[in-house]
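Student: Sharing a structure here in structure tokens format.
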Amino acid sequence: MGKARGKALGSQAGGRKAKPPSNPNPFEVKINRQKFQILGRKTRHDVGLPGISRAKAIKKRTQTLLKEYKERDKSNVFTDKRFGEYNTKITPEEKMMKRFALERQRNNEKKSIYNLNEDEELTHYGQSLADIEKFNDIVDSDSDTEERGMLSAELTASHFGGGGGLLRKKTSEPGEEEEKPKSRKELIEELIAKSKQEKRERQTQRENALELTEKLDSDWKEIQFLLSRKTSKLEKKDKEEKPKPDAYDIVVRELGFEMKAQPSDRMKTEEELAKEEQARLKKLEADRLRRMLGKEEDENIKKPKHMSADDLNDGFVLDKDDRRLLSYKDGKINQEIDDPNEEEQAQEGSEEDWKEREGDKESDTEDSEESDAPDSHSDLESHVDSEEEDIIHENQQKKQLQAPEKKSSDANQKAMIEAARSELPYTFAAPDSYEELKALLSGKSTEQQLVVIERIQKCNHPSLAVGNKAKLEKLFGFLLEYIGDLAAKAPPDLKTIDKLVVQLYSLCQMFPEFASSSVKFVLRDVVHEMEEMIEIKGRAAFPGLDVLIYLKITGILFPTSDFWHPVVTPALVCMSQILTKCPVTSLQDVVKGLFVCCLFLEYVSLSQRFVPELINFLAGVLHIATPNKGTSGYTLVHPFKPLGRNSELLFVSDKEDMDTWPKKGLPLSKVNGLKDSSKTETNHIRLSCVSVCLNLIKRCLAMYSTLPSLPEIMKPIKVLLTEHIPECGHPRELQELCQSILQEMENQGKNYQPLVCEKSKPVPLKLFTPKLVKVLEFGRKQGSSKEEQERKRLIHKHKREFKGAVREIRKDNQFLARMQLTEIMERDSERKRKVKQLFSSLATQEGEWKALKRKKFKK
């Protein structure tokens, strides 16, 4: 900083360095301290006077830059700035046109881009628009008869071309005498007359065109019937033979008749699908309730429509034969109503119908009275009585026939009601507690339980109501607990658990955070129970089937290939603790441990993470399947012991059981059902455990084949398979499986190279030839030629000078900005002073006027 400023000031002062004063102000002295003092280095600019140098720079700018700024608009030399004044190559017309353009450009340019109050004078062909505005509208453009958009050429030229408007002089052709210019009034009158004349001409042309059109129409009507005869097809073919279409035309026509793609329906959102599903389930539930109440037939009966007084009743349709048999009882007509629905309709009839019926009855009674008259046909009474008896007999027979039909319809209705009651409801409310869910699912088959849970989800979808999300989250926790209860039963219901996992997965996809917290809570309880058992008894027992199923479900619901997962990682830790802290004391423990090993392989199938607990447990299972020996050749790790009560838990010595062993998998239901099995079944289970263990070892070999340390990891298992397992005399299937595992181990070679000490370089002999090293001078650029060094020096000098020039220009601009600001502030203060003086004078005048007014008022 001090170096550049001193150089700039020195260059401005003509190369002379300003000598600092002998006794400077200590507050104006700036000392540039060095962090380290180096011997032999000359220090420059260690002491500076920034205040004095700044004052000198301001003084110099005041004498030079400020003076130029104040005299920027002044000139003491007269120069002729007229364009082309002394250029003989330009014609006078071009010279005048260019001068006119420059003058216009000079007038249009604003003096300052920040001054928005400058007024521009707008012109049209040299005339000011302010002067043109005084012309009146000389054209009656609102006339109805005049055609729109048709302006005379003279009017157009006067307004949009020619320059001088109406007062423009017409150019006279050569040879004609120049006419006197017309006045403005004469020109306007002449223009009005011309426009009227053109208007009349257009009107006459329009009338002539209409007359000709009418004449042409009448002529065409006279000759139209002559052209009505159509030419025959044969004549057309003779006259014109259509060219045969070529291949291109055929393809184009085929493409025109092809089916075009139709736009597909819009994909519905999840909320729309949920609403539709809820509406469908509600409708089905309403139908089921209606069937339970036996109202299915009532819905199908059509309600009577409104009938007008003028209706002839000719549009009826007989759904059934509602005619009744005519019968008499006690000398009166008996109208029996068989159908209860018809009885209700008869009771709900209108008053007019009842009046009509009463009128008919009265007429019947009158007829009967007339029949009792002496001139009545008394000889027919016996015949009428016999007919009435026949009718009554037929009616009774028909009732007897209709009775079984009614009984069958009642039976069908009862069957329909029972079927509706046994049918599952279509809408369910979300359970608020686990007991409610258990009551909903108890006593139902697996398929029905799945339907109930599915309908609970659909009826309580989160998009349908605000609180449905919390309800379905609770449902996930209740389902987890219900699965645990199913697994804890004496015969575990594994089929139902397998089906319920699908519903759990759908809920987990909807609420992943709550699902993860619920599963973590279950795993945390399992680990805490194991730790409490270890603190109390010193060892922990294998967990139950419900915990194993929870671990299986965790691998299904959440991704197991992540490096770290908030749910899967605790599950892996829990499984590793089960395999290391739970000793194997029974066949059930072996089955549970092998199931955990299978879970481990499923978890790490994608990530191929190495699990040492898995290999250790498989080696221990093979150990307890062999007889005890003093020298084993391998080392066992906890929870297995080389000797002890359970060291031969899987050893089978009975040859008959070996021969009768069926090769099959080990079902998970065997976890809780091994206590009541016989000795042969127990031996078969032991052999199945050995078979499962060997299959798991084979899978581990295929998974960890890329590990360099695989031979060392599998060394204990290899010793067991080569030295101890063949002596047990296992069945042929197990022996073949052992041989295949050993063959795979031998085929996998070593993937690593042994460590070898790095070869050191030989020590060279001492040489007495001196080594010449060029001494580097400080501040010099070395390693290049003189031309390169000179070029680099010039580049460095150019950069330094450029920075100094930019700094000085910036300071000049700041100085000019301060001067302009002071000028503006001075102008503002002067304006304020004048305004204040004006206000004071006005206030004095106002006071004097008010005093004079008061004096006049007193008088």
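Every chain in the structure tokens takes a letter, A first, then B, and so on in the order presented; its residues are numbered from 1, and the ligands are numbered from 1 following the presented order.
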Out of segment 629-821 of chain A, which residues get helix (DSSP H, G or I) from DSSP, as a PyMOL selection string?
Tutor: chain A and resi 655-659+668-671+679-703+710-713+715-728+732-747+786-821
Student: List as an MDAnalysis selection string the protein and nucleic acid residues near Asn672 of chain A, meaning an atom at most 12 Å away when only C-alpha atoms are counted, but skip any in the same chain fewer than 2 places from it.
Tutor: chainID A and resid 487:492 543:546 586:589 591:592 667:670 674:677
Student: Output the selection as a compact mmCIF listing (two decimals), in the first residue's frame - N, CA and C atoms for each residue.
Tutor:
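Listed below is the output, result-v1.txt:
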```txt
# COMPACT_ATOMS: atom_id res chain seq x y z
N ALA A 487 -48.31 -66.62 16.95
CA ALA A 487 -47.10 -67.44 17.01
C ALA A 487 -46.93 -68.11 18.36
N ALA A 488 -47.54 -67.53 19.41
CA ALA A 488 -47.39 -68.10 20.75
C ALA A 488 -48.38 -69.22 21.03
N LYS A 489 -49.30 -69.52 20.12
CA LYS A 489 -50.25 -70.60 20.33
C LYS A 489 -49.54 -71.96 20.34
N ALA A 490 -50.25 -72.96 20.86
CA ALA A 490 -49.65 -74.30 20.94
C ALA A 490 -49.32 -74.83 19.56
N PRO A 491 -50.30 -74.91 18.62
CA PRO A 491 -49.88 -75.07 17.24
C PRO A 491 -49.88 -73.69 16.59
N PRO A 492 -48.73 -73.13 16.28
CA PRO A 492 -48.71 -71.77 15.74
C PRO A 492 -49.40 -71.68 14.38
N PRO A 543 -34.98 -67.02 22.47
CA PRO A 543 -36.33 -66.42 22.49
C PRO A 543 -37.36 -67.35 21.87
N GLY A 544 -38.64 -66.97 22.06
CA GLY A 544 -39.72 -67.77 21.52
C GLY A 544 -39.92 -67.58 20.03
N LEU A 545 -40.92 -68.30 19.53
CA LEU A 545 -41.20 -68.25 18.10
C LEU A 545 -41.70 -66.88 17.66
N ASP A 546 -42.38 -66.16 18.55
CA ASP A 546 -42.87 -64.83 18.18
C ASP A 546 -41.74 -63.87 17.88
N SER A 586 -30.91 -77.77 24.08
CA SER A 586 -31.91 -78.73 23.61
C SER A 586 -32.01 -78.66 22.10
N LEU A 587 -32.80 -79.61 21.56
CA LEU A 587 -33.02 -79.61 20.11
C LEU A 587 -33.78 -78.38 19.67
N GLN A 588 -34.67 -77.87 20.50
CA GLN A 588 -35.41 -76.65 20.16
C GLN A 588 -34.46 -75.47 19.98
N ASP A 589 -33.43 -75.38 20.82
CA ASP A 589 -32.44 -74.31 20.69
C ASP A 589 -31.67 -74.43 19.38
N VAL A 591 -32.82 -75.77 16.58
CA VAL A 591 -33.71 -75.36 15.48
C VAL A 591 -33.82 -73.84 15.45
N LYS A 592 -33.97 -73.22 16.61
CA LYS A 592 -34.08 -71.75 16.65
C LYS A 592 -32.79 -71.10 16.15
N PRO A 667 -39.30 -78.03 9.35
CA PRO A 667 -40.36 -77.01 9.46
C PRO A 667 -40.20 -76.19 10.73
N LEU A 668 -40.69 -74.95 10.66
CA LEU A 668 -40.57 -74.05 11.80
C LEU A 668 -41.52 -74.45 12.93
N SER A 669 -42.55 -75.20 12.62
CA SER A 669 -43.49 -75.62 13.66
C SER A 669 -42.86 -76.60 14.64
N LYS A 670 -41.69 -77.18 14.28
CA LYS A 670 -41.02 -78.10 15.18
C LYS A 670 -40.43 -77.42 16.40
N LEU A 674 -41.36 -80.60 19.93
CA LEU A 674 -40.34 -81.65 20.01
C LEU A 674 -40.36 -82.43 21.33
N LYS A 675 -41.17 -81.98 22.29
CA LYS A 675 -41.14 -82.64 23.60
C LYS A 675 -41.85 -83.99 23.58
N ASP A 676 -42.92 -84.07 22.82
CA ASP A 676 -43.73 -85.29 22.82
C ASP A 676 -43.34 -86.27 21.72
N SER A 677 -42.25 -86.03 20.98
CA SER A 677 -41.87 -86.90 19.87
C SER A 677 -41.14 -88.14 20.39
```
Student: So that I can see what lies close to Ile497 of chain A, please list as a PyMOL selection string the residues with an atom at most 10 Å from it, counting only C-alpha atoms and leaving out residues fewer than 2 positions away in the same chain.
Tutor: chain A and resi 446+479-480+482-484+486-487+492-495+499-502+549+553
Student: Considering only C-alpha atoms, can you say which of A:Glu270, A:Glu744, A:Glu758, A:Asp654 comes closest to Cys728 of chain A?
Tutor: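 Nearest to Cys728 of chain A: A:Asp654.
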Student: Using only C-alpha atoms, which residues sit within 12 Å of Gly555 of chain A once same-chain residues fewer than 6 positions away are excluded, as an MDAnalysis selection string?
Tutor: chainID A and resid 501 505 516 519 548:549 561:562 565 567:572 575 596 598:605
Student: Pick the closest to Arg455 of chain A from A:Ser632, A:Asn813, A:Thr427, A:Ser705: which is it, counting only C-alpha atoms?
Tutor: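 Result for the nearest residue to Arg455 of chain A: A:Thr427.
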